[in-house]
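Note: the block below is target_10.cif and it holds mmCIF, C-alpha atoms and all ligand atoms.
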```
data_model
loop_
_atom_site.group_PDB
_atom_site.id
_atom_site.type_symbol
_atom_site.label_atom_id
_atom_site.label_comp_id
_atom_site.auth_asym_id
_atom_site.auth_seq_id
_atom_site.Cartn_x
_atom_site.Cartn_y
_atom_site.Cartn_z
ATOM 1 C CA MET A 1 -44.135 -14.731 -23.649
ATOM 2 C CA ILE A 2 -45.706 -12.221 -21.285
ATOM 3 C CA GLU A 3 -43.364 -9.377 -20.480
ATOM 4 C CA ALA A 4 -43.950 -6.433 -18.186
ATOM 5 C CA LYS A 5 -41.390 -3.661 -17.879
ATOM 6 C CA ASP A 6 -41.124 -0.882 -15.321
ATOM 7 C CA ILE A 7 -44.685 -1.379 -14.104
ATOM 8 C CA LYS A 8 -45.830 1.326 -11.728
ATOM 9 C CA VAL A 9 -49.237 1.439 -10.100
ATOM 10 C CA LYS A 10 -50.683 4.157 -7.927
ATOM 11 C CA ILE A 11 -53.929 3.874 -6.038
ATOM 12 C CA GLY A 12 -55.063 7.343 -5.088
ATOM 13 C CA LYS A 13 -51.842 9.038 -4.021
ATOM 14 C CA ALA A 14 -50.195 5.870 -2.759
ATOM 15 C CA ALA A 15 -47.556 4.196 -4.930
ATOM 16 C CA ILE A 16 -48.243 0.453 -4.765
ATOM 17 C CA LEU A 17 -45.829 -0.883 -7.420
ATOM 18 C CA HIS A 18 -42.516 0.912 -7.877
ATOM 19 C CA GLY A 19 -41.350 -0.168 -11.330
ATOM 20 C CA ILE A 20 -41.540 -3.958 -11.562
ATOM 21 C CA ASN A 21 -39.983 -5.998 -14.360
ATOM 22 C CA PHE A 22 -41.629 -9.363 -14.825
ATOM 23 C CA ALA A 23 -41.541 -12.054 -17.498
ATOM 24 C CA ALA A 24 -43.164 -15.436 -17.989
ATOM 25 C CA GLU A 25 -42.495 -17.972 -20.716
ATOM 26 C CA PRO A 26 -44.959 -20.397 -22.275
ATOM 27 C CA GLY A 27 -44.317 -24.004 -21.332
ATOM 28 C CA LYS A 28 -43.578 -23.006 -17.742
ATOM 29 C CA VAL A 29 -45.450 -22.465 -14.489
ATOM 30 C CA THR A 30 -44.333 -19.060 -13.205
ATOM 31 C CA ALA A 31 -45.175 -18.325 -9.576
ATOM 32 C CA ILE A 32 -45.433 -14.934 -7.906
ATOM 33 C CA VAL A 33 -44.820 -15.117 -4.149
ATOM 34 C CA GLY A 34 -44.383 -12.557 -1.397
ATOM 35 C CA PRO A 35 -45.882 -11.422 1.907
ATOM 36 C CA ASN A 36 -49.407 -10.073 2.431
ATOM 37 C CA GLY A 37 -49.896 -6.647 0.930
ATOM 38 C CA SER A 38 -46.638 -6.707 -1.053
ATOM 39 C CA GLY A 39 -48.351 -6.079 -4.402
ATOM 40 C CA LYS A 40 -48.865 -9.549 -5.934
ATOM 41 C CA THR A 41 -52.545 -9.068 -6.750
ATOM 42 C CA THR A 42 -51.851 -5.541 -7.954
ATOM 43 C CA LEU A 43 -49.124 -6.843 -10.292
ATOM 44 C CA LEU A 44 -51.447 -9.513 -11.676
ATOM 45 C CA ARG A 45 -54.242 -6.969 -12.164
ATOM 46 C CA ALA A 46 -51.831 -4.675 -14.017
ATOM 47 C CA ILE A 47 -50.680 -7.536 -16.257
ATOM 48 C CA THR A 48 -54.321 -8.340 -17.027
ATOM 49 C CA ASP A 49 -54.988 -4.644 -17.688
ATOM 50 C CA GLU A 50 -57.739 -4.406 -15.063
ATOM 51 C CA ILE A 51 -56.301 -1.371 -13.270
ATOM 52 C CA PRO A 52 -54.418 1.719 -14.498
ATOM 53 C CA TRP A 53 -50.655 1.189 -14.807
ATOM 54 C CA THR A 54 -47.644 2.730 -16.518
ATOM 55 C CA GLY A 55 -44.784 0.892 -18.242
ATOM 56 C CA THR A 56 -44.893 -1.665 -21.033
ATOM 57 C CA ILE A 57 -46.761 -4.953 -21.183
ATOM 58 C CA THR A 58 -46.576 -7.338 -24.123
ATOM 59 C CA VAL A 59 -48.508 -10.578 -24.587
ATOM 60 C CA ASN A 60 -47.046 -12.941 -27.215
ATOM 61 C CA GLY A 61 -44.955 -10.087 -28.551
ATOM 62 C CA LYS A 62 -47.813 -7.617 -29.003
ATOM 63 C CA GLN A 63 -48.477 -4.570 -26.817
ATOM 64 C CA ILE A 64 -51.426 -5.273 -24.551
ATOM 65 C CA ARG A 65 -52.927 -1.890 -25.453
ATOM 66 C CA ASP A 66 -53.137 -3.038 -29.102
ATOM 67 C CA TYR A 67 -55.433 -5.963 -28.246
ATOM 68 C CA LYS A 68 -59.175 -5.610 -28.489
ATOM 69 C CA SER A 69 -60.893 -6.898 -25.361
ATOM 70 C CA TRP A 70 -62.334 -9.946 -27.160
ATOM 71 C CA GLU A 71 -58.867 -10.769 -28.548
ATOM 72 C CA LEU A 72 -57.439 -10.634 -25.053
ATOM 73 C CA ALA A 73 -60.272 -12.848 -23.747
ATOM 74 C CA ALA A 74 -59.356 -15.413 -26.410
ATOM 75 C CA VAL A 75 -55.714 -15.453 -25.408
ATOM 76 C CA ARG A 76 -55.819 -15.463 -21.609
ATOM 77 C CA GLY A 77 -58.124 -16.511 -18.782
ATOM 78 C CA VAL A 78 -57.997 -14.751 -15.427
ATOM 79 C CA LEU A 79 -58.923 -16.111 -11.999
ATOM 80 C CA PRO A 80 -59.292 -13.245 -9.500
ATOM 81 C CA GLN A 81 -58.395 -13.692 -5.818
ATOM 82 C CA ALA A 82 -62.010 -13.501 -4.671
ATOM 83 C CA ALA A 83 -64.851 -13.999 -7.113
ATOM 84 C CA THR A 84 -68.374 -13.722 -5.780
ATOM 85 C CA LEU A 85 -71.631 -14.147 -7.652
ATOM 86 C CA ALA A 86 -74.792 -12.235 -6.819
ATOM 87 C CA PHE A 87 -77.262 -14.536 -8.605
ATOM 88 C CA PRO A 88 -78.236 -18.180 -8.029
ATOM 89 C CA PHE A 89 -76.362 -19.835 -10.907
ATOM 90 C CA THR A 90 -75.840 -23.564 -11.168
ATOM 91 C CA VAL A 91 -72.266 -24.830 -11.392
ATOM 92 C CA ILE A 92 -72.529 -25.668 -15.103
ATOM 93 C CA GLU A 93 -73.863 -22.156 -15.819
ATOM 94 C CA VAL A 94 -70.846 -20.644 -14.056
ATOM 95 C CA VAL A 95 -68.429 -22.836 -16.027
ATOM 96 C CA ARG A 96 -70.207 -22.052 -19.317
ATOM 97 C CA MET A 97 -69.503 -18.343 -18.709
ATOM 98 C CA GLY A 98 -65.921 -19.163 -19.669
ATOM 99 C CA LEU A 99 -66.892 -20.408 -23.099
ATOM 100 C CA THR A 100 -66.097 -17.684 -25.555
ATOM 101 C CA SER A 101 -67.323 -17.546 -29.136
ATOM 102 C CA GLY A 102 -64.009 -19.000 -30.305
ATOM 103 C CA VAL A 103 -64.834 -22.419 -28.822
ATOM 104 C CA HIS A 104 -66.013 -25.025 -31.308
ATOM 105 C CA GLY A 105 -67.729 -28.351 -30.769
ATOM 106 C CA ASN A 106 -69.997 -29.478 -27.961
ATOM 107 C CA LYS A 107 -69.854 -26.740 -25.353
ATOM 108 C CA ASP A 108 -71.612 -28.670 -22.620
ATOM 109 C CA ALA A 109 -69.173 -31.539 -23.076
ATOM 110 C CA LEU A 110 -66.298 -29.092 -22.656
ATOM 111 C CA ALA A 111 -67.787 -27.535 -19.521
ATOM 112 C CA SER A 112 -68.248 -30.987 -17.985
ATOM 113 C CA GLN A 113 -64.707 -31.956 -19.007
ATOM 114 C CA ALA A 114 -63.401 -28.845 -17.257
ATOM 115 C CA LEU A 115 -65.374 -29.752 -14.122
ATOM 116 C CA ALA A 116 -63.820 -33.219 -14.215
ATOM 117 C CA ARG A 117 -60.349 -31.677 -14.430
ATOM 118 C CA VAL A 118 -60.901 -29.806 -11.170
ATOM 119 C CA GLY A 119 -62.497 -32.796 -9.417
ATOM 120 C CA LEU A 120 -66.119 -31.595 -9.653
ATOM 121 C CA SER A 121 -67.688 -34.283 -11.846
ATOM 122 C CA GLY A 122 -71.388 -34.595 -11.102
ATOM 123 C CA TYR A 123 -71.642 -31.051 -9.676
ATOM 124 C CA GLU A 124 -73.192 -29.619 -12.881
ATOM 125 C CA ASP A 125 -76.681 -28.953 -11.498
ATOM 126 C CA ARG A 126 -75.727 -27.972 -7.948
ATOM 127 C CA PHE A 127 -76.196 -24.334 -6.996
ATOM 128 C CA PHE A 128 -72.891 -22.469 -6.976
ATOM 129 C CA GLN A 129 -73.749 -20.628 -3.762
ATOM 130 C CA GLU A 130 -74.335 -23.897 -1.932
ATOM 131 C CA LEU A 131 -70.790 -25.134 -2.589
ATOM 132 C CA SER A 132 -67.987 -24.886 -0.037
ATOM 133 C CA GLY A 133 -65.340 -22.179 -0.497
ATOM 134 C CA GLY A 134 -62.869 -24.645 -1.987
ATOM 135 C CA GLU A 135 -65.479 -26.103 -4.347
ATOM 136 C CA GLN A 136 -66.476 -22.605 -5.506
ATOM 137 C CA GLN A 137 -62.825 -21.829 -6.190
ATOM 138 C CA ARG A 138 -62.487 -24.969 -8.310
ATOM 139 C CA ALA A 139 -65.712 -24.187 -10.209
ATOM 140 C CA HIS A 140 -64.289 -20.756 -11.075
ATOM 141 C CA LEU A 141 -61.068 -22.397 -12.187
ATOM 142 C CA ALA A 142 -63.069 -24.724 -14.460
ATOM 143 C CA ARG A 143 -64.666 -21.602 -15.971
ATOM 144 C CA VAL A 144 -61.231 -20.093 -16.659
ATOM 145 C CA LEU A 145 -59.926 -23.400 -18.086
ATOM 146 C CA CYS A 146 -62.877 -23.501 -20.502
ATOM 147 C CA GLN A 147 -62.037 -20.033 -21.744
ATOM 148 C CA VAL A 148 -58.547 -21.033 -22.910
ATOM 149 C CA TRP A 149 -59.017 -24.801 -23.150
ATOM 150 C CA GLU A 150 -56.454 -25.457 -25.886
ATOM 151 C CA PRO A 151 -53.015 -24.310 -24.633
ATOM 152 C CA VAL A 152 -51.842 -23.418 -28.151
ATOM 153 C CA VAL A 153 -53.964 -21.966 -30.965
ATOM 154 C CA ASP A 154 -52.546 -21.064 -34.392
ATOM 155 C CA GLY A 155 -49.042 -21.518 -33.019
ATOM 156 C CA GLN A 156 -49.623 -18.963 -30.236
ATOM 157 C CA PRO A 157 -49.593 -19.922 -26.552
ATOM 158 C CA ARG A 158 -52.582 -19.097 -24.395
ATOM 159 C CA TRP A 159 -52.325 -18.050 -20.781
ATOM 160 C CA LEU A 160 -53.785 -18.836 -17.396
ATOM 161 C CA LEU A 161 -53.355 -15.948 -14.927
ATOM 162 C CA LEU A 162 -54.437 -17.087 -11.490
ATOM 163 C CA ASP A 163 -54.502 -15.281 -8.163
ATOM 164 C CA GLU A 164 -54.001 -17.840 -5.385
ATOM 165 C CA PRO A 165 -55.771 -20.676 -7.260
ATOM 166 C CA VAL A 166 -55.254 -23.215 -4.457
ATOM 167 C CA ALA A 167 -55.485 -20.933 -1.400
ATOM 168 C CA SER A 168 -58.573 -22.535 0.144
ATOM 169 C CA LEU A 169 -58.049 -26.089 -1.082
ATOM 170 C CA ASP A 170 -57.077 -29.175 0.895
ATOM 171 C CA ILE A 171 -53.731 -30.828 0.117
ATOM 172 C CA GLY A 172 -55.187 -33.421 -2.291
ATOM 173 C CA HIS A 173 -57.033 -30.833 -4.351
ATOM 174 C CA GLN A 174 -54.028 -28.505 -4.235
ATOM 175 C CA LEU A 175 -51.993 -31.230 -5.912
ATOM 176 C CA LEU A 176 -54.766 -32.018 -8.410
ATOM 177 C CA ILE A 177 -54.965 -28.373 -9.503
ATOM 178 C CA MET A 178 -51.214 -27.814 -9.586
ATOM 179 C CA ARG A 179 -50.747 -30.957 -11.717
ATOM 180 C CA CYS A 180 -53.464 -29.648 -14.044
ATOM 181 C CA LEU A 181 -51.543 -26.334 -14.375
ATOM 182 C CA GLN A 182 -48.269 -28.192 -14.976
ATOM 183 C CA ASP A 183 -49.998 -30.218 -17.685
ATOM 184 C CA TYR A 184 -51.274 -27.021 -19.334
ATOM 185 C CA ALA A 185 -47.722 -25.678 -19.420
ATOM 186 C CA LYS A 186 -46.316 -28.992 -20.660
ATOM 187 C CA ARG A 187 -48.674 -28.809 -23.631
ATOM 188 C CA GLY A 188 -47.281 -25.366 -24.542
ATOM 189 C CA GLY A 189 -49.496 -22.927 -22.634
ATOM 190 C CA GLY A 190 -48.326 -20.333 -20.139
ATOM 191 C CA VAL A 191 -49.277 -20.282 -16.460
ATOM 192 C CA ILE A 192 -48.780 -17.382 -14.056
ATOM 193 C CA ALA A 193 -49.980 -18.068 -10.526
ATOM 194 C CA VAL A 194 -49.811 -16.000 -7.364
ATOM 195 C CA MET A 195 -48.948 -18.553 -4.688
ATOM 196 C CA HIS A 196 -49.199 -18.498 -0.923
ATOM 197 C CA ASP A 197 -47.561 -21.840 -0.103
ATOM 198 C CA LEU A 198 -43.791 -21.703 -0.611
ATOM 199 C CA ASN A 199 -43.261 -25.455 -0.424
ATOM 200 C CA LEU A 200 -45.955 -26.134 -3.005
ATOM 201 C CA THR A 201 -44.338 -23.432 -5.143
ATOM 202 C CA ALA A 202 -40.924 -25.081 -4.794
ATOM 203 C CA MET A 203 -42.488 -28.381 -5.787
ATOM 204 C CA VAL A 204 -44.383 -27.353 -8.918
ATOM 205 C CA ALA A 205 -43.164 -24.009 -10.261
ATOM 206 C CA ASP A 206 -40.477 -23.694 -12.909
ATOM 207 C CA ALA A 207 -39.784 -20.008 -12.330
ATOM 208 C CA VAL A 208 -40.616 -17.685 -9.456
ATOM 209 C CA THR A 209 -40.747 -13.964 -8.820
ATOM 210 C CA ILE A 210 -40.608 -12.682 -5.250
ATOM 211 C CA VAL A 211 -42.555 -9.456 -4.754
ATOM 212 C CA ALA A 212 -41.839 -7.460 -1.604
ATOM 213 C CA ARG A 213 -42.701 -3.850 -0.775
ATOM 214 C CA GLY A 214 -44.006 -3.211 -4.295
ATOM 215 C CA LYS A 215 -40.828 -4.423 -5.997
ATOM 216 C CA ALA A 216 -39.649 -7.637 -7.623
ATOM 217 C CA ILE A 217 -36.701 -8.452 -5.350
ATOM 218 C CA ALA A 218 -35.714 -11.717 -7.066
ATOM 219 C CA GLN A 219 -36.716 -13.759 -10.085
ATOM 220 C CA GLY A 220 -35.521 -16.833 -11.918
ATOM 221 C CA PRO A 221 -35.514 -20.620 -11.499
ATOM 222 C CA VAL A 222 -37.016 -21.915 -8.235
ATOM 223 C CA HIS A 223 -33.793 -23.420 -6.853
ATOM 224 C CA GLU A 224 -31.988 -20.098 -7.291
ATOM 225 C CA VAL A 225 -34.665 -17.696 -6.114
ATOM 226 C CA LEU A 226 -36.049 -19.554 -3.093
ATOM 227 C CA ASN A 227 -32.956 -19.078 -0.957
ATOM 228 C CA ASP A 228 -32.571 -18.184 2.740
ATOM 229 C CA GLN A 229 -31.557 -14.600 2.139
ATOM 230 C CA ALA A 230 -34.197 -13.601 -0.417
ATOM 231 C CA LEU A 231 -37.012 -15.270 1.551
ATOM 232 C CA SER A 232 -35.904 -13.877 4.913
ATOM 233 C CA ASP A 233 -35.705 -10.404 3.392
ATOM 234 C CA ALA A 234 -39.100 -10.682 1.684
ATOM 235 C CA TYR A 235 -41.035 -12.172 4.610
ATOM 236 C CA ASP A 236 -39.178 -10.271 7.323
ATOM 237 C CA CYS A 237 -38.430 -13.369 9.371
ATOM 238 C CA LYS A 238 -35.489 -15.746 9.501
ATOM 239 C CA LEU A 239 -36.196 -18.588 7.077
ATOM 240 C CA LYS A 240 -34.110 -21.651 6.381
ATOM 241 C CA THR A 241 -34.358 -23.627 3.148
ATOM 242 C CA ASN A 242 -32.999 -27.058 2.459
ATOM 243 C CA THR A 243 -32.688 -29.494 -0.448
ATOM 244 C CA PRO A 244 -33.043 -33.203 0.269
ATOM 245 C CA PRO A 245 -30.510 -35.192 -1.782
ATOM 246 C CA MET A 246 -33.000 -37.719 -3.152
ATOM 247 C CA ARG A 247 -35.474 -35.472 -4.956
ATOM 248 C CA GLY A 248 -33.331 -32.347 -5.345
ATOM 249 C CA MET A 249 -36.368 -30.266 -4.499
ATOM 250 C CA ARG A 250 -36.026 -27.107 -2.435
ATOM 251 C CA TYR A 251 -38.151 -26.830 0.717
ATOM 252 C CA ILE A 252 -38.613 -24.320 3.484
ATOM 253 C CA LEU A 253 -38.468 -25.425 7.091
ATOM 254 C CA PRO A 254 -41.125 -23.596 9.127
ATOM 255 C CA GLN A 255 -39.687 -25.248 12.256
ATOM 256 C CA ALA A 256 -36.430 -23.366 11.722
ATOM 257 C CA ALA A 257 -38.103 -19.982 11.168
ATOM 258 C CA GLU A 258 -37.666 -17.164 13.647
ATOM 259 C CA ALA A 259 -39.562 -13.901 13.801
ATOM 260 C CA LEU A 260 -37.176 -11.003 13.468
ATOM 261 C CA HIS A 261 -39.297 -8.622 15.516
ATOM 262 C CA ALA A 262 -40.698 -10.309 18.603
HETATM 263 N N1 LIG A 301 -58.214 -0.481 -3.963
HETATM 264 C C1 LIG A 301 -57.206 -0.208 -3.119
HETATM 265 N N2 LIG A 301 -57.164 0.948 -2.421
HETATM 266 C C2 LIG A 301 -56.143 1.238 -1.596
HETATM 267 N N3 LIG A 301 -55.089 0.440 -1.395
HETATM 268 C C3 LIG A 301 -55.063 -0.729 -2.043
HETATM 269 C C4 LIG A 301 -56.117 -1.120 -2.948
HETATM 270 N N4 LIG A 301 -55.799 -2.339 -3.456
HETATM 271 C C5 LIG A 301 -54.619 -2.678 -2.877
HETATM 272 N N5 LIG A 301 -54.187 -1.707 -2.047
HETATM 273 C C6 LIG A 301 -52.938 -1.759 -1.258
HETATM 274 O O1 LIG A 301 -51.876 -2.128 -2.106
HETATM 275 C C7 LIG A 301 -50.980 -2.992 -1.427
HETATM 276 C C8 LIG A 301 -50.803 -4.255 -2.236
HETATM 277 O O2 LIG A 301 -52.014 -4.981 -2.245
HETATM 278 P P1 LIG A 301 -52.157 -6.379 -2.984
HETATM 279 O O3 LIG A 301 -51.570 -6.252 -4.341
HETATM 280 O O4 LIG A 301 -53.582 -6.787 -2.897
HETATM 281 O O5 LIG A 301 -51.243 -7.301 -2.069
HETATM 282 P P2 LIG A 301 -51.010 -8.872 -2.078
HETATM 283 O O6 LIG A 301 -51.830 -9.466 -3.161
HETATM 284 O O7 LIG A 301 -49.534 -9.045 -2.291
HETATM 285 O O8 LIG A 301 -51.398 -9.366 -0.716
HETATM 286 C C9 LIG A 301 -51.544 -3.207 -0.022
HETATM 287 O O9 LIG A 301 -50.887 -2.365 0.867
HETATM 288 C C10 LIG A 301 -52.994 -2.824 -0.186
HETATM 289 O O10 LIG A 301 -53.491 -2.323 1.028
HETATM 290 MG MG MG A 302 -53.412 -10.821 -3.162
#
```
Spit out the file's structure as structure tokens when you get a sec.
Amino acid sequence: MIEAKDIKVKIGKAAILHGINFAAEPGKVTAIVGPNGSGKTTLLRAITDEIPWTGTITVNGKQIRDYKSWELAAVRGVLPQAATLAFPFTVIEVVRMGLTSGVHGNKDALASQALARVGLSGYEDRFFQELSGGEQQRAHLARVLCQVWEPVVDGQPRWLLLDEPVASLDIGHQLLIMRCLQDYAKRGGGVIAVMHDLNLTAMVADAVTIVARGKAIAQGPVHEVLNDQALSDAYDCKLKTNTPPMRGMRYILPQAAEALHA
């Protein structure tokens, strides 16, 4: 379990997060959604202890402040929203950066396996900087997957914390990656992903937290949280959701949306 209580973040004098409670369980894909600038990335960066925060954060029952940095690296992999590289690395070199000392066996085989998982087989010796934006994003994801390859180690779940992992991917690769995250959760790991696409979220997430104006305004199972009122309030436009009888899966109708402030 990852639990964050009363998380407040200030940047300079500006309060960005105003006391957020957030929880994610292993075995589930937990999505964080909300409008631009609402605090999703800031929340993720607090949970990964990359920026100063106040409150309480526990990872698998232990205070995050009690972890040594190498212990934390062994228990969770983090994909930032934008990751650039200043040097001309090949793809396999980038993926190998995710291999921590805790990984046993053939490391190159693992890096190539991770590339296959994200649909980049055969890209090993290409230069990272020569890949498209979506390919670079998937190479970074392969790096993070390598870091926490086994979803459960010594009975403890490991975690993927991902900031918009499919934001620049086409629909086929979005599905490939989301299925890969679902599989990680199914095998006992935990997945927390900031998501931009509400319909994709409704399709693959188990739980969702809506962040708006630096607060968590709703959280729980997808079919409860993704409702007309919560979404319209969060995104400041009139949104209509629906549930087709066959699949029972919630979806949002962009055609029925209306801007509140023309
Ligand atoms: N380094 C920073 N300095 C000043 N303001 C920041 C900084 N990082 C984020 N913010 C502000 O905090 C708010 C939340 O940002 P962010 O968490 O990145 O939003 P989201 O990921 O939901 O789009 C925004 O208003 C943003 O401008
Ligand atoms: Mg963001």
Practice task
Output the neighbourhood of ligand LIG 301 (chain A) as number ranges by chain, that is, all protein and nucleic acid residues with some atom at most 7 Å from the ligand, counting only C-alpha atoms and all ligand atoms.
Solution key: A: 11, 16, 34-43
Problem - Top pick for closest residue to Ala74 (chain A), considering A:Gly19, A:Pro157, A:Pro88, A:Pro26 and counting all atoms listed in the file - result: A:Pro157
Practice task
Would you write out, as a list in words, every residue that the PyMOL selection byres (((chain A and resi 257) around 12) and not hetatm) captures in this file?
Solution key: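 Written out, the selection comes to Asp228, Leu231, Ser232, Tyr235, Asp236, Cys237, Lys238, Leu239, Lys240, Thr241, Ile252, Leu253, Pro254, Gln255, Ala256, Glu258, Ala259 and Leu260 of chain A.
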Completion exercise
The residue from A:Ala82, A:Val59, A:Val29, A:Ala73 with the smallest atom-to-atom distance to ligand MG 302 (chain A), counting all atoms listed in the file, is A:Ala82
Handout entry: Output check: residues returned by the PyMOL selection byres (((chain A and resi 92) around 8) and not hetatm), as a PyMOL selection string
Key = chain A and resi 90-91+93-96+111-112+123-125
Compile the contact shell of Met1 (chain A) as a PDB file with C-alpha atoms, keeping the file's coordinate frame: residues with an atom at most 12 Å away, counting all atoms listed in the file, same-chain residues fewer than 2 positions apart removed.
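New file around.pdb:
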```pdb
ATOM      1  CA  GLU A   3     -43.364  -9.377 -20.480  1.00  0.00           C
ATOM      2  CA  ALA A   4     -43.950  -6.433 -18.186  1.00  0.00           C
ATOM      3  CA  PHE A  22     -41.629  -9.363 -14.825  1.00  0.00           C
ATOM      4  CA  ALA A  23     -41.541 -12.054 -17.498  1.00  0.00           C
ATOM      5  CA  ALA A  24     -43.164 -15.436 -17.989  1.00  0.00           C
ATOM      6  CA  GLU A  25     -42.495 -17.972 -20.716  1.00  0.00           C
ATOM      7  CA  PRO A  26     -44.959 -20.397 -22.275  1.00  0.00           C
ATOM      8  CA  GLY A  27     -44.317 -24.004 -21.332  1.00  0.00           C
ATOM      9  CA  LYS A  28     -43.578 -23.006 -17.742  1.00  0.00           C
ATOM     10  CA  THR A  30     -44.333 -19.060 -13.205  1.00  0.00           C
ATOM     11  CA  ILE A  57     -46.761  -4.953 -21.183  1.00  0.00           C
ATOM     12  CA  THR A  58     -46.576  -7.338 -24.123  1.00  0.00           C
ATOM     13  CA  VAL A  59     -48.508 -10.578 -24.587  1.00  0.00           C
ATOM     14  CA  ASN A  60     -47.046 -12.941 -27.215  1.00  0.00           C
ATOM     15  CA  GLY A  61     -44.955 -10.087 -28.551  1.00  0.00           C
ATOM     16  CA  LYS A  62     -47.813  -7.617 -29.003  1.00  0.00           C
ATOM     17  CA  GLN A  63     -48.477  -4.570 -26.817  1.00  0.00           C
ATOM     18  CA  ILE A  64     -51.426  -5.273 -24.551  1.00  0.00           C
ATOM     19  CA  VAL A  75     -55.714 -15.453 -25.408  1.00  0.00           C
ATOM     20  CA  ARG A  76     -55.819 -15.463 -21.609  1.00  0.00           C
ATOM     21  CA  GLN A 156     -49.623 -18.963 -30.236  1.00  0.00           C
ATOM     22  CA  PRO A 157     -49.593 -19.922 -26.552  1.00  0.00           C
ATOM     23  CA  ARG A 158     -52.582 -19.097 -24.395  1.00  0.00           C
ATOM     24  CA  TRP A 159     -52.325 -18.050 -20.781  1.00  0.00           C
ATOM     25  CA  GLY A 188     -47.281 -25.366 -24.542  1.00  0.00           C
ATOM     26  CA  GLY A 189     -49.496 -22.927 -22.634  1.00  0.00           C
ATOM     27  CA  GLY A 190     -48.326 -20.333 -20.139  1.00  0.00           C
ATOM     28  CA  VAL A 191     -49.277 -20.282 -16.460  1.00  0.00           C
ATOM     29  CA  ILE A 192     -48.780 -17.382 -14.056  1.00  0.00           C
TER      30      ILE A 192
END
```
Handout entry: Straight-line distance linking CA of Gly55 (chain A) with CA of Ala14 (chain A), stated in Å to one decimal
Key = 17.1 Å
Problem - Among listed residues A:Asp154, A:Asp170, A:Asp206, A:Glu164, nearest ligand MG 302 (chain A) (using only C-alpha atoms and all ligand atoms) - result: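 Using only C-alpha atoms and all ligand atoms, the shortest distance to ligand MG 302 (chain A) belongs to A:Glu164.
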Handout entry: Closest of A:Ala139, A:Leu145, A:Ala212, A:Leu200 to Leu17 (chain A) - atom-to-atom distances counting all atoms listed in the file
Key =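 The answer is A:Ala212, which sits nearest to Leu17 (chain A).
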